[in-house]
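The structure under discussion appears below in the form of C-alpha cells.
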Amino acid sequence: MKENLYQKVKKVEGEKFITIEDTESLSTEEFYIFIKSLLKEVPLNIEHLTILLGPEFPSEVEDFLSDNQFEKHDETVFYHCDLNQVQNKGGSFELKSLHKLSEEEFKQIWKSSANGSLNAPGSLNIEDQMESVKKELGEMYKNTCIATFKDGEAIGVVMPHIEPGTKEEGRFFYFGLVPEARGKGVSVGLYNQGLQLLKNDFGASYSVGATSVHNKPMIRVFDKNKCTLTKKVKVYKKHLRRDRNDSSHEYEGGR
C-alpha cells in the first residue's frame, strides 16, 4: 500500500533534504500511514524533512505532525502560468550562466539575493543548495544557474529548469534580487524574461511558482505576469538530528 501512496504525492529529494508536495492527493488515513512510513525510511544523509499540507486536512493532522516533531515553518502560495499566454514584456537584462561565470561568482550573487528575503529562512546554506541543484538536475545544472546583470552590475539570480519527472513543467529553483536592486521596478520584467527562457530555451509549456504568503512583492510579480493562484499550503519542517561530524553546523537559506 505504501508504494501506492508514494505515487500519489510528489517527492523532491536534494542532497540533505526531502520535500513532499501534493499531499492533498491523500486521504487523512493515508496521510498518517505515509508519514509514518517516511519517518522509518528516511536516508541517513537527510537532515530536513518538509511537508506541504493543504487546507483539506482536519486540524488533527497538524496535531499529528506536531506529535512527530514537525514544526510549522510558513504558509506558501502556488501560482500557475500558461507560458503560451504570457506576453513578452521585452526584458533586456544581461544573463550569464555557469558557462560564463565561475561557480563561486554565481554563489556569491545567489547568497546576496537570498539576504533579507521575505520568505521564511530555509534549512540549507548556499553550498548545500548548490549540491542539491546538481543532484536534482544532473549535468544540465549549469544551464539553470543564471546570474542577471543591468548596466554591468549584478542584480540577482534566476534559475529556470524543467521539473524532474515532467516534460513541460517549468519552475525556478530560485528567483531573487540583491538588496541594492530591490524596489526599483525590475522584478516584474526580470521574472517575465525568466518565463520566456522557460518557454523558448527549456521547452516548458507552463510554469509553477511558489512563495511565502508574507512575500507581497513576489506575489505582485506573479500577478503582474498574469499568473493564477492555485493553492495555499502550510509548510511543516522536521529537523533530523544525526550523530555525525558536521552535526554542530546551523544552516540558513534554501529551497
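Within each chain, counting starts at residue 1; across the C-alpha cells, chains are named A, B, ... in the order shown, with ligands numbered 1 upward in that order.
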
Can you list every residue in stretch 54-241 of chain A that DSSP puts in alpha helix (DSSP H), as a compact mmCIF listing (two decimals) with all heavy atoms, in the first residue's frame?
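Result file is part17.txt:
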# COMPACT_ATOMS: atom_id res chain seq x y z
N SER A 59 -7.83 19.60 11.47
CA SER A 59 -6.81 20.13 12.38
C SER A 59 -6.04 19.02 13.10
O SER A 59 -4.90 19.22 13.51
CB SER A 59 -7.46 21.06 13.40
OG SER A 59 -8.44 20.37 14.16
N GLU A 60 -6.66 17.84 13.21
CA GLU A 60 -5.98 16.73 13.89
C GLU A 60 -4.70 16.32 13.17
O GLU A 60 -3.77 15.81 13.79
CB GLU A 60 -6.91 15.52 13.99
CG GLU A 60 -8.06 15.67 14.97
CD GLU A 60 -9.22 16.49 14.40
OE1 GLU A 60 -9.15 16.85 13.19
OE2 GLU A 60 -10.17 16.76 15.15
N VAL A 61 -4.65 16.56 11.87
CA VAL A 61 -3.45 16.22 11.10
C VAL A 61 -2.28 17.10 11.55
O VAL A 61 -1.14 16.63 11.65
CB VAL A 61 -3.72 16.37 9.59
CG1 VAL A 61 -2.41 16.29 8.80
CG2 VAL A 61 -4.67 15.29 9.11
N GLU A 62 -2.54 18.37 11.82
CA GLU A 62 -1.48 19.24 12.30
C GLU A 62 -1.01 18.81 13.69
O GLU A 62 0.19 18.90 13.99
CB GLU A 62 -1.97 20.69 12.32
CG GLU A 62 -2.28 21.22 10.92
CD GLU A 62 -2.62 22.69 10.91
OE1 GLU A 62 -1.74 23.50 11.27
OE2 GLU A 62 -3.77 23.04 10.56
N ASP A 63 -1.95 18.35 14.52
CA ASP A 63 -1.57 17.81 15.83
C ASP A 63 -0.68 16.58 15.66
O ASP A 63 0.31 16.40 16.40
CB ASP A 63 -2.81 17.44 16.65
CG ASP A 63 -3.66 18.65 17.00
OD1 ASP A 63 -3.10 19.76 17.06
OD2 ASP A 63 -4.88 18.48 17.18
N PHE A 64 -1.02 15.75 14.69
CA PHE A 64 -0.22 14.55 14.40
C PHE A 64 1.20 14.93 14.00
O PHE A 64 2.18 14.33 14.46
CB PHE A 64 -0.91 13.75 13.30
CG PHE A 64 -0.07 12.66 12.70
CD1 PHE A 64 0.11 11.44 13.36
CD2 PHE A 64 0.54 12.84 11.47
CE1 PHE A 64 0.88 10.43 12.80
CE2 PHE A 64 1.31 11.83 10.90
CZ PHE A 64 1.48 10.63 11.57
N LEU A 65 1.34 15.94 13.13
CA LEU A 65 2.67 16.37 12.73
C LEU A 65 3.45 16.93 13.91
O LEU A 65 4.65 16.64 14.08
CB LEU A 65 2.56 17.42 11.62
CG LEU A 65 2.11 16.91 10.24
CD1 LEU A 65 1.89 18.08 9.29
CD2 LEU A 65 3.13 15.94 9.66
N SER A 66 2.80 17.72 14.74
CA SER A 66 3.46 18.26 15.93
C SER A 66 3.92 17.15 16.86
O SER A 66 5.02 17.20 17.44
CB SER A 66 2.51 19.21 16.67
OG SER A 66 2.20 20.33 15.88
N ASP A 67 3.09 16.13 17.02
CA ASP A 67 3.45 14.98 17.87
C ASP A 67 4.68 14.26 17.33
O ASP A 67 5.40 13.59 18.09
CB ASP A 67 2.29 14.00 17.98
CG ASP A 67 1.13 14.57 18.80
OD1 ASP A 67 1.36 15.54 19.55
OD2 ASP A 67 0.00 14.05 18.68
N GLU A 103 31.51 29.14 -10.64
CA GLU A 103 30.53 28.73 -9.65
C GLU A 103 30.60 29.62 -8.41
O GLU A 103 29.58 29.95 -7.81
CB GLU A 103 30.75 27.26 -9.27
CG GLU A 103 29.64 26.67 -8.44
CD GLU A 103 29.75 25.16 -8.31
OE1 GLU A 103 29.78 24.47 -9.35
OE2 GLU A 103 29.84 24.68 -7.16
N GLU A 104 31.81 30.03 -8.02
CA GLU A 104 31.96 30.87 -6.83
C GLU A 104 31.32 32.24 -7.05
O GLU A 104 30.68 32.79 -6.15
CB GLU A 104 33.44 31.03 -6.47
CG GLU A 104 34.05 29.79 -5.83
CD GLU A 104 33.30 29.36 -4.58
OE1 GLU A 104 32.97 30.24 -3.75
OE2 GLU A 104 33.03 28.16 -4.42
N GLU A 105 31.52 32.82 -8.25
CA GLU A 105 30.90 34.11 -8.55
C GLU A 105 29.38 34.00 -8.46
O GLU A 105 28.71 34.87 -7.88
CB GLU A 105 31.29 34.58 -9.95
CG GLU A 105 32.73 35.04 -10.09
CD GLU A 105 33.05 35.39 -11.53
OE1 GLU A 105 32.95 34.51 -12.41
OE2 GLU A 105 33.39 36.56 -11.78
N PHE A 106 28.84 32.93 -9.05
CA PHE A 106 27.39 32.76 -9.03
C PHE A 106 26.87 32.60 -7.61
O PHE A 106 25.86 33.21 -7.24
CB PHE A 106 26.99 31.54 -9.87
CG PHE A 106 25.52 31.23 -9.78
CD1 PHE A 106 24.59 31.98 -10.48
CD2 PHE A 106 25.07 30.21 -8.95
CE1 PHE A 106 23.24 31.72 -10.37
CE2 PHE A 106 23.72 29.94 -8.83
CZ PHE A 106 22.80 30.70 -9.55
N LYS A 107 27.55 31.79 -6.81
CA LYS A 107 27.07 31.55 -5.44
C LYS A 107 27.09 32.82 -4.60
O LYS A 107 26.21 33.01 -3.74
CB LYS A 107 27.90 30.44 -4.78
CG LYS A 107 27.59 29.05 -5.31
CD LYS A 107 28.25 27.95 -4.51
CE LYS A 107 29.75 27.97 -4.63
NZ LYS A 107 30.38 26.79 -4.00
N GLN A 108 28.04 33.69 -4.83
CA GLN A 108 28.08 34.95 -4.10
C GLN A 108 26.87 35.83 -4.45
O GLN A 108 26.27 36.47 -3.57
CB GLN A 108 29.38 35.70 -4.39
CG GLN A 108 30.60 35.10 -3.72
CD GLN A 108 30.45 35.06 -2.20
OE1 GLN A 108 30.04 36.03 -1.57
NE2 GLN A 108 30.79 33.91 -1.61
N ILE A 109 26.49 35.86 -5.73
CA ILE A 109 25.33 36.65 -6.15
C ILE A 109 24.05 36.01 -5.60
O ILE A 109 23.14 36.71 -5.13
CB ILE A 109 25.28 36.77 -7.68
CG1 ILE A 109 26.54 37.46 -8.20
CG2 ILE A 109 24.04 37.55 -8.13
CD1 ILE A 109 26.69 37.43 -9.70
N TRP A 110 23.98 34.69 -5.63
CA TRP A 110 22.83 33.96 -5.11
C TRP A 110 22.68 34.23 -3.60
O TRP A 110 21.59 34.52 -3.11
CB TRP A 110 23.01 32.48 -5.38
CG TRP A 110 21.85 31.61 -5.00
CD1 TRP A 110 20.64 32.00 -4.49
CD2 TRP A 110 21.77 30.18 -5.13
NE1 TRP A 110 19.82 30.91 -4.27
CE2 TRP A 110 20.49 29.79 -4.66
CE3 TRP A 110 22.67 29.22 -5.58
CZ2 TRP A 110 20.09 28.45 -4.63
CZ3 TRP A 110 22.27 27.88 -5.56
CH2 TRP A 110 21.00 27.51 -5.09
N LYS A 111 23.79 34.16 -2.89
CA LYS A 111 23.76 34.39 -1.44
C LYS A 111 23.27 35.80 -1.14
O LYS A 111 22.46 36.01 -0.23
CB LYS A 111 25.15 34.17 -0.85
CG LYS A 111 25.21 34.29 0.67
CD LYS A 111 26.60 33.96 1.19
CE LYS A 111 26.65 34.06 2.71
NZ LYS A 111 28.01 33.70 3.22
N SER A 112 23.73 36.78 -1.90
CA SER A 112 23.30 38.15 -1.71
C SER A 112 21.81 38.30 -2.02
O SER A 112 21.08 39.04 -1.33
CB SER A 112 24.11 39.10 -2.60
OG SER A 112 23.69 40.44 -2.43
N SER A 113 21.32 37.59 -3.04
CA SER A 113 19.91 37.65 -3.42
C SER A 113 19.01 37.07 -2.33
O SER A 113 17.85 37.49 -2.19
CB SER A 113 19.68 36.90 -4.73
OG SER A 113 20.42 37.47 -5.78
N ALA A 114 19.52 36.12 -1.59
CA ALA A 114 18.73 35.50 -0.50
C ALA A 114 18.77 36.32 0.77
O ALA A 114 17.96 36.11 1.68
CB ALA A 114 19.25 34.09 -0.23
N ILE A 126 24.11 28.08 1.11
CA ILE A 126 24.24 28.13 -0.35
C ILE A 126 25.03 26.94 -0.89
O ILE A 126 24.70 26.39 -1.95
CB ILE A 126 24.91 29.46 -0.79
CG1 ILE A 126 23.97 30.63 -0.51
CG2 ILE A 126 25.26 29.43 -2.27
CD1 ILE A 126 22.64 30.59 -1.24
N GLU A 127 26.06 26.51 -0.17
CA GLU A 127 26.85 25.37 -0.62
C GLU A 127 25.97 24.13 -0.75
O GLU A 127 26.03 23.41 -1.76
CB GLU A 127 28.00 25.09 0.36
CG GLU A 127 29.01 26.21 0.49
CD GLU A 127 29.83 26.41 -0.78
OE1 GLU A 127 29.91 25.46 -1.58
OE2 GLU A 127 30.37 27.52 -0.97
N ASP A 128 25.14 23.89 0.26
CA ASP A 128 24.26 22.71 0.23
C ASP A 128 23.18 22.87 -0.83
O ASP A 128 22.79 21.89 -1.48
CB ASP A 128 23.64 22.49 1.60
CG ASP A 128 24.65 22.02 2.64
OD1 ASP A 128 25.64 21.39 2.24
OD2 ASP A 128 24.45 22.28 3.84
N GLN A 129 22.68 24.09 -1.01
CA GLN A 129 21.69 24.31 -2.05
C GLN A 129 22.26 24.02 -3.43
O GLN A 129 21.59 23.44 -4.29
CB GLN A 129 21.17 25.74 -1.99
CG GLN A 129 20.28 26.01 -0.78
CD GLN A 129 19.63 27.36 -0.87
OE1 GLN A 129 18.74 27.59 -1.69
NE2 GLN A 129 20.05 28.29 -0.03
N MET A 130 23.50 24.43 -3.66
CA MET A 130 24.13 24.15 -4.95
C MET A 130 24.28 22.66 -5.18
O MET A 130 24.03 22.16 -6.30
CB MET A 130 25.49 24.84 -5.02
CG MET A 130 26.25 24.59 -6.33
SD MET A 130 25.36 25.16 -7.81
CE MET A 130 25.69 26.92 -7.71
N GLU A 131 24.65 21.93 -4.15
CA GLU A 131 24.76 20.48 -4.29
C GLU A 131 23.41 19.85 -4.59
O GLU A 131 23.31 18.88 -5.34
CB GLU A 131 25.36 19.87 -3.01
CG GLU A 131 26.82 20.23 -2.79
CD GLU A 131 27.71 19.89 -3.99
OE1 GLU A 131 27.62 18.74 -4.48
OE2 GLU A 131 28.46 20.78 -4.45
N SER A 132 22.35 20.43 -4.02
CA SER A 132 21.01 19.93 -4.29
C SER A 132 20.59 20.21 -5.72
O SER A 132 19.94 19.38 -6.37
CB SER A 132 20.00 20.56 -3.32
OG SER A 132 20.22 20.10 -2.01
N VAL A 133 20.97 21.38 -6.25
CA VAL A 133 20.68 21.69 -7.66
C VAL A 133 21.36 20.66 -8.56
O VAL A 133 20.76 20.14 -9.50
CB VAL A 133 21.15 23.11 -8.01
CG1 VAL A 133 21.03 23.36 -9.51
CG2 VAL A 133 20.34 24.15 -7.25
N LYS A 134 22.62 20.36 -8.26
CA LYS A 134 23.35 19.39 -9.08
C LYS A 134 22.70 18.01 -9.01
O LYS A 134 22.60 17.30 -10.02
CB LYS A 134 24.80 19.31 -8.59
CG LYS A 134 25.61 20.58 -8.82
CD LYS A 134 27.02 20.45 -8.24
CE LYS A 134 27.83 21.72 -8.43
NZ LYS A 134 29.18 21.62 -7.84
N LYS A 135 22.25 17.63 -7.80
CA LYS A 135 21.65 16.31 -7.63
C LYS A 135 20.32 16.22 -8.37
O LYS A 135 20.02 15.22 -9.03
CB LYS A 135 21.45 16.00 -6.15
CG LYS A 135 20.82 14.63 -5.89
CD LYS A 135 20.80 14.29 -4.42
CE LYS A 135 20.23 12.89 -4.20
NZ LYS A 135 20.26 12.49 -2.77
N GLU A 136 19.51 17.27 -8.27
CA GLU A 136 18.18 17.25 -8.89
C GLU A 136 18.25 17.35 -10.41
O GLU A 136 17.49 16.70 -11.12
CB GLU A 136 17.33 18.39 -8.35
CG GLU A 136 16.85 18.20 -6.92
CD GLU A 136 15.87 19.28 -6.50
OE1 GLU A 136 14.93 19.56 -7.26
OE2 GLU A 136 16.06 19.85 -5.42
N LEU A 137 19.17 18.18 -10.93
CA LEU A 137 19.17 18.49 -12.36
C LEU A 137 20.25 17.77 -13.15
O LEU A 137 20.22 17.79 -14.38
CB LEU A 137 19.29 20.00 -12.56
CG LEU A 137 18.24 20.86 -11.86
CD1 LEU A 137 18.46 22.33 -12.19
CD2 LEU A 137 16.84 20.43 -12.23
N TYR A 141 22.67 21.35 -14.84
CA TYR A 141 22.55 22.40 -13.83
C TYR A 141 23.23 23.70 -14.26
O TYR A 141 22.82 24.79 -13.85
CB TYR A 141 23.10 21.92 -12.49
CG TYR A 141 24.59 22.03 -12.33
CD1 TYR A 141 25.16 23.13 -11.68
CD2 TYR A 141 25.46 21.06 -12.84
CE1 TYR A 141 26.53 23.25 -11.53
CE2 TYR A 141 26.82 21.18 -12.70
CZ TYR A 141 27.36 22.27 -12.04
OH TYR A 141 28.71 22.39 -11.91
N LYS A 142 24.26 23.62 -15.08
CA LYS A 142 24.96 24.84 -15.49
C LYS A 142 24.08 25.76 -16.33
O LYS A 142 24.26 26.98 -16.33
CB LYS A 142 26.23 24.48 -16.28
CG LYS A 142 27.34 23.90 -15.41
CD LYS A 142 28.63 23.75 -16.20
CE LYS A 142 29.76 23.28 -15.31
NZ LYS A 142 31.04 23.15 -16.04
N ASN A 143 23.11 25.18 -17.05
CA ASN A 143 22.19 25.99 -17.84
C ASN A 143 21.19 26.73 -16.95
O ASN A 143 20.65 27.77 -17.33
CB ASN A 143 21.42 25.12 -18.84
CG ASN A 143 22.33 24.43 -19.83
OD1 ASN A 143 23.39 24.95 -20.16
ND2 ASN A 143 21.94 23.26 -20.30
N THR A 144 20.94 26.16 -15.76
CA THR A 144 19.93 26.69 -14.85
C THR A 144 20.48 27.81 -13.97
O THR A 144 19.76 28.76 -13.64
CB THR A 144 19.38 25.55 -13.98
OG1 THR A 144 18.47 24.77 -14.77
CG2 THR A 144 18.66 26.07 -12.74
N SER A 187 11.83 43.72 -10.99
CA SER A 187 11.50 42.33 -10.73
C SER A 187 10.46 41.78 -11.70
O SER A 187 10.57 40.62 -12.14
CB SER A 187 11.02 42.15 -9.29
OG SER A 187 9.92 43.00 -9.02
N VAL A 188 9.45 42.57 -12.07
CA VAL A 188 8.41 42.08 -12.97
C VAL A 188 9.00 41.75 -14.34
O VAL A 188 8.75 40.68 -14.90
CB VAL A 188 7.28 43.11 -13.12
CG1 VAL A 188 6.29 42.69 -14.20
CG2 VAL A 188 6.54 43.29 -11.79
N GLY A 189 9.82 42.65 -14.87
CA GLY A 189 10.43 42.41 -16.17
C GLY A 189 11.42 41.27 -16.15
O GLY A 189 11.50 40.48 -17.10
N LEU A 190 12.19 41.15 -15.07
CA LEU A 190 13.16 40.07 -14.98
C LEU A 190 12.47 38.72 -14.87
O LEU A 190 12.88 37.75 -15.50
CB LEU A 190 14.07 40.29 -13.77
CG LEU A 190 15.15 39.23 -13.55
CD1 LEU A 190 16.04 39.09 -14.78
CD2 LEU A 190 15.99 39.56 -12.32
N TYR A 191 11.39 38.66 -14.08
CA TYR A 191 10.65 37.40 -13.97
C TYR A 191 10.05 37.03 -15.32
O TYR A 191 10.06 35.86 -15.72
CB TYR A 191 9.56 37.51 -12.90
CG TYR A 191 8.94 36.18 -12.55
CD1 TYR A 191 9.60 35.29 -11.71
CD2 TYR A 191 7.69 35.80 -13.05
CE1 TYR A 191 9.04 34.07 -11.38
CE2 TYR A 191 7.12 34.58 -12.73
CZ TYR A 191 7.80 33.72 -11.88
OH TYR A 191 7.25 32.50 -11.56
N ASN A 192 9.54 38.03 -16.03
CA ASN A 192 8.99 37.78 -17.35
C ASN A 192 10.06 37.24 -18.29
O ASN A 192 9.80 36.32 -19.09
CB ASN A 192 8.39 39.07 -17.92
CG ASN A 192 7.80 38.88 -19.30
OD1 ASN A 192 8.45 39.10 -20.31
ND2 ASN A 192 6.54 38.47 -19.36
N GLN A 193 11.25 37.79 -18.19
CA GLN A 193 12.35 37.29 -19.03
C GLN A 193 12.67 35.85 -18.67
O GLN A 193 12.97 35.02 -19.54
CB GLN A 193 13.59 38.18 -18.85
CG GLN A 193 14.67 37.93 -19.89
CD GLN A 193 15.76 39.00 -19.86
OE1 GLN A 193 15.58 40.08 -19.28
NE2 GLN A 193 16.88 38.73 -20.48
N GLY A 194 12.56 35.52 -17.37
CA GLY A 194 12.76 34.13 -16.95
C GLY A 194 11.69 33.21 -17.50
O GLY A 194 11.98 32.08 -17.91
N LEU A 195 10.45 33.68 -17.54
CA LEU A 195 9.37 32.88 -18.12
C LEU A 195 9.60 32.63 -19.60
O LEU A 195 9.33 31.52 -20.11
CB LEU A 195 8.02 33.59 -17.92
CG LEU A 195 7.51 33.72 -16.48
CD1 LEU A 195 6.21 34.54 -16.45
CD2 LEU A 195 7.29 32.35 -15.83
N GLN A 196 10.11 33.64 -20.30
CA GLN A 196 10.43 33.45 -21.72
C GLN A 196 11.54 32.41 -21.89
O GLN A 196 11.52 31.62 -22.84
CB GLN A 196 10.84 34.79 -22.36
CG GLN A 196 9.80 35.90 -22.25
CD GLN A 196 8.45 35.52 -22.82
OE1 GLN A 196 8.35 34.83 -23.84
NE2 GLN A 196 7.38 35.96 -22.15
N LEU A 197 12.51 32.42 -20.98
CA LEU A 197 13.56 31.40 -21.02
C LEU A 197 12.97 30.00 -20.86
O LEU A 197 13.34 29.07 -21.57
CB LEU A 197 14.57 31.64 -19.91
CG LEU A 197 15.73 32.61 -20.15
CD1 LEU A 197 16.57 32.72 -18.89
CD2 LEU A 197 16.59 32.13 -21.32
N LEU A 198 12.06 29.86 -19.88
CA LEU A 198 11.43 28.56 -19.66
C LEU A 198 10.74 28.07 -20.93
O LEU A 198 10.85 26.89 -21.29
CB LEU A 198 10.40 28.65 -18.53
CG LEU A 198 10.93 28.60 -17.10
CD1 LEU A 198 9.80 28.83 -16.11
CD2 LEU A 198 11.61 27.26 -16.81
N LYS A 199 10.06 28.97 -21.60
CA LYS A 199 9.32 28.59 -22.81
C LYS A 199 10.24 28.33 -23.99
O LYS A 199 10.14 27.27 -24.64
CB LYS A 199 8.33 29.70 -23.15
CG LYS A 199 7.54 29.46 -24.44
CD LYS A 199 6.63 30.64 -24.75
CE LYS A 199 5.90 30.42 -26.07
NZ LYS A 199 5.01 31.58 -26.39
N ASN A 200 11.14 29.25 -24.27
CA ASN A 200 11.91 29.19 -25.51
C ASN A 200 13.18 28.35 -25.42
O ASN A 200 13.57 27.72 -26.41
CB ASN A 200 12.28 30.62 -25.95
CG ASN A 200 11.05 31.47 -26.22
OD1 ASN A 200 10.06 30.99 -26.75
ND2 ASN A 200 11.11 32.75 -25.84
N LYS A 216 4.87 39.77 -0.20
CA LYS A 216 3.94 40.52 -1.04
C LYS A 216 4.57 41.00 -2.35
O LYS A 216 3.91 40.99 -3.39
CB LYS A 216 3.37 41.71 -0.26
CG LYS A 216 2.66 41.33 1.03
CD LYS A 216 1.52 40.34 0.80
CE LYS A 216 0.79 40.03 2.11
NZ LYS A 216 -0.27 39.00 1.94
N PRO A 217 5.85 41.44 -2.35
CA PRO A 217 6.44 41.86 -3.63
C PRO A 217 6.46 40.73 -4.66
O PRO A 217 6.18 40.96 -5.84
CB PRO A 217 7.86 42.28 -3.24
CG PRO A 217 7.73 42.73 -1.82
CD PRO A 217 6.74 41.77 -1.21
N MET A 218 6.77 39.48 -4.23
CA MET A 218 6.80 38.37 -5.18
C MET A 218 5.40 38.02 -5.64
O MET A 218 5.19 37.67 -6.81
CB MET A 218 7.47 37.15 -4.53
CG MET A 218 7.78 36.05 -5.54
SD MET A 218 8.99 36.56 -6.78
CE MET A 218 8.35 35.78 -8.25
N ILE A 219 4.42 38.14 -4.76
CA ILE A 219 3.04 37.88 -5.16
C ILE A 219 2.61 38.89 -6.23
O ILE A 219 1.92 38.54 -7.20
CB ILE A 219 2.11 37.94 -3.93
CG1 ILE A 219 2.38 36.72 -3.03
CG2 ILE A 219 0.64 37.97 -4.36
CD1 ILE A 219 1.63 36.73 -1.71
N ARG A 220 3.03 40.15 -6.09
CA ARG A 220 2.73 41.15 -7.12
C ARG A 220 3.40 40.81 -8.44
O ARG A 220 2.83 41.05 -9.52
CB ARG A 220 3.16 42.54 -6.64
CG ARG A 220 2.23 43.14 -5.58
CD ARG A 220 2.47 44.63 -5.43
NE ARG A 220 3.80 44.91 -4.87
CZ ARG A 220 4.04 45.00 -3.57
NH1 ARG A 220 3.06 44.83 -2.69
NH2 ARG A 220 5.25 45.27 -3.14
N VAL A 221 4.61 40.24 -8.37
CA VAL A 221 5.30 39.82 -9.60
C VAL A 221 4.49 38.75 -10.32
O VAL A 221 4.31 38.80 -11.54
CB VAL A 221 6.72 39.31 -9.28
CG1 VAL A 221 7.33 38.61 -10.49
CG2 VAL A 221 7.61 40.46 -8.83
N PHE A 222 3.98 37.77 -9.57
CA PHE A 222 3.12 36.75 -10.18
C PHE A 222 1.89 37.39 -10.83
O PHE A 222 1.54 37.08 -11.96
CB PHE A 222 2.67 35.73 -9.12
CG PHE A 222 3.74 34.80 -8.65
CD1 PHE A 222 3.89 34.51 -7.29
CD2 PHE A 222 4.60 34.17 -9.53
CE1 PHE A 222 4.86 33.64 -6.84
CE2 PHE A 222 5.59 33.30 -9.10
CZ PHE A 222 5.72 33.03 -7.74
N ASP A 223 1.23 38.28 -10.07
CA ASP A 223 0.01 38.91 -10.58
C ASP A 223 0.28 39.73 -11.84
O ASP A 223 -0.49 39.67 -12.81
CB ASP A 223 -0.60 39.80 -9.50
CG ASP A 223 -1.19 39.01 -8.34
OD1 ASP A 223 -1.49 37.82 -8.53
OD2 ASP A 223 -1.34 39.59 -7.24
N LYS A 224 1.37 40.50 -11.85
CA LYS A 224 1.70 41.34 -12.99
C LYS A 224 2.02 40.52 -14.23
O LYS A 224 1.88 40.99 -15.37
CB LYS A 224 2.89 42.25 -12.65
CG LYS A 224 2.60 43.33 -11.62
CD LYS A 224 1.73 44.44 -12.18
CE LYS A 224 1.60 45.58 -11.19
NZ LYS A 224 0.79 46.70 -11.73

Excluding A:Gly203 and its own-chain neighbours fewer than 5 positions away, which residues fall within 9 Å of it when counting only C-alpha atoms? Please give them as an MDAnalysis selection string.
chainID A and resid 162 167:170 197:198

Output file for the selection above: N, CA, C and O atoms, as a short mmCIF file (atom, residue, chain, number, x, y, z; two decimals), in the first residue's frame:
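Saved file selection.cif follows:
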data_model
loop_
_atom_site.label_atom_id
_atom_site.label_comp_id
_atom_site.auth_asym_id
_atom_site.auth_seq_id
_atom_site.Cartn_x
_atom_site.Cartn_y
_atom_site.Cartn_z
N ILE A 162 13.30 22.53 -16.10
CA ILE A 162 12.15 21.64 -16.23
C ILE A 162 12.13 20.76 -14.99
O ILE A 162 13.14 20.13 -14.65
N LYS A 167 7.87 16.74 -18.40
CA LYS A 167 8.42 17.15 -19.69
C LYS A 167 8.20 18.64 -19.97
O LYS A 167 8.96 19.23 -20.74
N GLU A 168 7.15 19.23 -19.39
CA GLU A 168 6.78 20.58 -19.76
C GLU A 168 6.54 21.51 -18.58
O GLU A 168 6.14 22.65 -18.77
N GLU A 169 6.78 21.04 -17.36
CA GLU A 169 6.55 21.89 -16.19
C GLU A 169 7.80 22.69 -15.86
O GLU A 169 8.81 22.15 -15.43
N GLY A 170 7.72 23.99 -16.07
CA GLY A 170 8.85 24.85 -15.75
C GLY A 170 8.76 25.36 -14.33
O GLY A 170 7.66 25.63 -13.81
N LEU A 197 12.51 32.42 -20.98
CA LEU A 197 13.56 31.40 -21.02
C LEU A 197 12.97 30.00 -20.86
O LEU A 197 13.34 29.07 -21.57
N LEU A 198 12.06 29.86 -19.88
CA LEU A 198 11.43 28.56 -19.66
C LEU A 198 10.74 28.07 -20.93
O LEU A 198 10.85 26.89 -21.29
#

Running DSSP on the backbone, which parts of stretch 105-245 of chain A land in strand (DSSP E), as a ChimeraX atom specification?
/A:146-150,153-162,169-177,206-212,228-239

Find the nearest atom pair between each residue of stretch 42-133 of chain A and stretch 18-31 of chain A for residues within 6 Å, count only C-alpha atoms, give distances in Å to one decimal, sort rows by chain and ascending number, and present the table as CSV.
residue,atom,partner,partner_atom,distance
A:Leu49,CA,A:Ile18,CA,5.1
A:Thr50,CA,A:Thr19,CA,4.6
A:Ile51,CA,A:Ile20,CA,5.0
A:Leu52,CA,A:Glu21,CA,5.3
A:Gly54,CA,A:Glu24,CA,5.6

I need the residue nearest A:Tyr236 from this list: A:Ser117, A:Ser92, A:Ser102, A:Asn68. Use only C-alpha atoms for the distance.
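When distances to A:Tyr236 are compared using only C-alpha atoms, the smallest one comes from A:Asn68.
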
Have a look at atom CA of A:Ala147 and atom CA of A:Asp201 and let me know their distance in Å, one decimal.
16.0 Å

What's the separation between atom CA of A:Glu139 and atom CA of A:Pro164, in Å to one decimal place?
12.7 Å

Counting only C-alpha atoms, what is within 7 Å of A:Lys16, bar same-chain residues fewer than 6 positions away, as a PyMOL selection string?
chain A and resi 45-48

Give me, please, the distance in Å between atom CA of A:Lys150 and atom CA of A:Gly176, quoted to one decimal.
14.1 Å

Residue with the minimum atom-to-atom distance to A:Phe93, picked from A:Phe149, A:Phe172, A:Tyr32, A:Phe202 with only C-alpha atoms counted, is A:Phe149

Give me the residues near A:Lys232 as a short mmCIF file (atom, residue, chain, number, x, y, z; two decimals) with N, CA, C and O atoms, in the first residue's frame, where near means some atom within 9 Å (using only C-alpha atoms) and where sequence neighbours in that chain fewer than 4 positions away do not count.
data_model
loop_
_atom_site.label_atom_id
_atom_site.label_comp_id
_atom_site.auth_asym_id
_atom_site.auth_seq_id
_atom_site.Cartn_x
_atom_site.Cartn_y
_atom_site.Cartn_z
N LEU A 53 1.29 20.96 3.46
CA LEU A 53 -0.01 20.47 3.92
C LEU A 53 -1.13 21.36 3.40
O LEU A 53 -1.20 22.55 3.73
N GLY A 54 -2.02 20.78 2.60
CA GLY A 54 -3.12 21.53 2.04
C GLY A 54 -4.22 21.78 3.06
O GLY A 54 -4.27 21.15 4.13
N PRO A 55 -5.16 22.70 2.75
CA PRO A 55 -6.22 23.05 3.69
C PRO A 55 -7.31 22.00 3.82
O PRO A 55 -8.21 22.12 4.65
N GLU A 75 3.59 29.58 5.52
CA GLU A 75 2.50 29.27 4.60
C GLU A 75 2.92 29.73 3.21
O GLU A 75 3.48 30.83 3.06
N THR A 76 2.66 28.90 2.22
CA THR A 76 3.14 29.15 0.87
C THR A 76 1.98 29.16 -0.11
O THR A 76 1.06 28.35 0.00
N VAL A 77 2.04 30.09 -1.07
CA VAL A 77 1.05 30.14 -2.14
C VAL A 77 1.70 29.67 -3.44
O VAL A 77 2.87 29.95 -3.70
N PHE A 78 0.93 28.94 -4.24
CA PHE A 78 1.40 28.43 -5.53
C PHE A 78 0.65 29.14 -6.66
O PHE A 78 -0.55 29.39 -6.57
N VAL A 213 3.38 33.50 1.90
CA VAL A 213 2.25 34.43 1.94
C VAL A 213 2.70 35.81 2.40
O VAL A 213 2.00 36.81 2.17
#
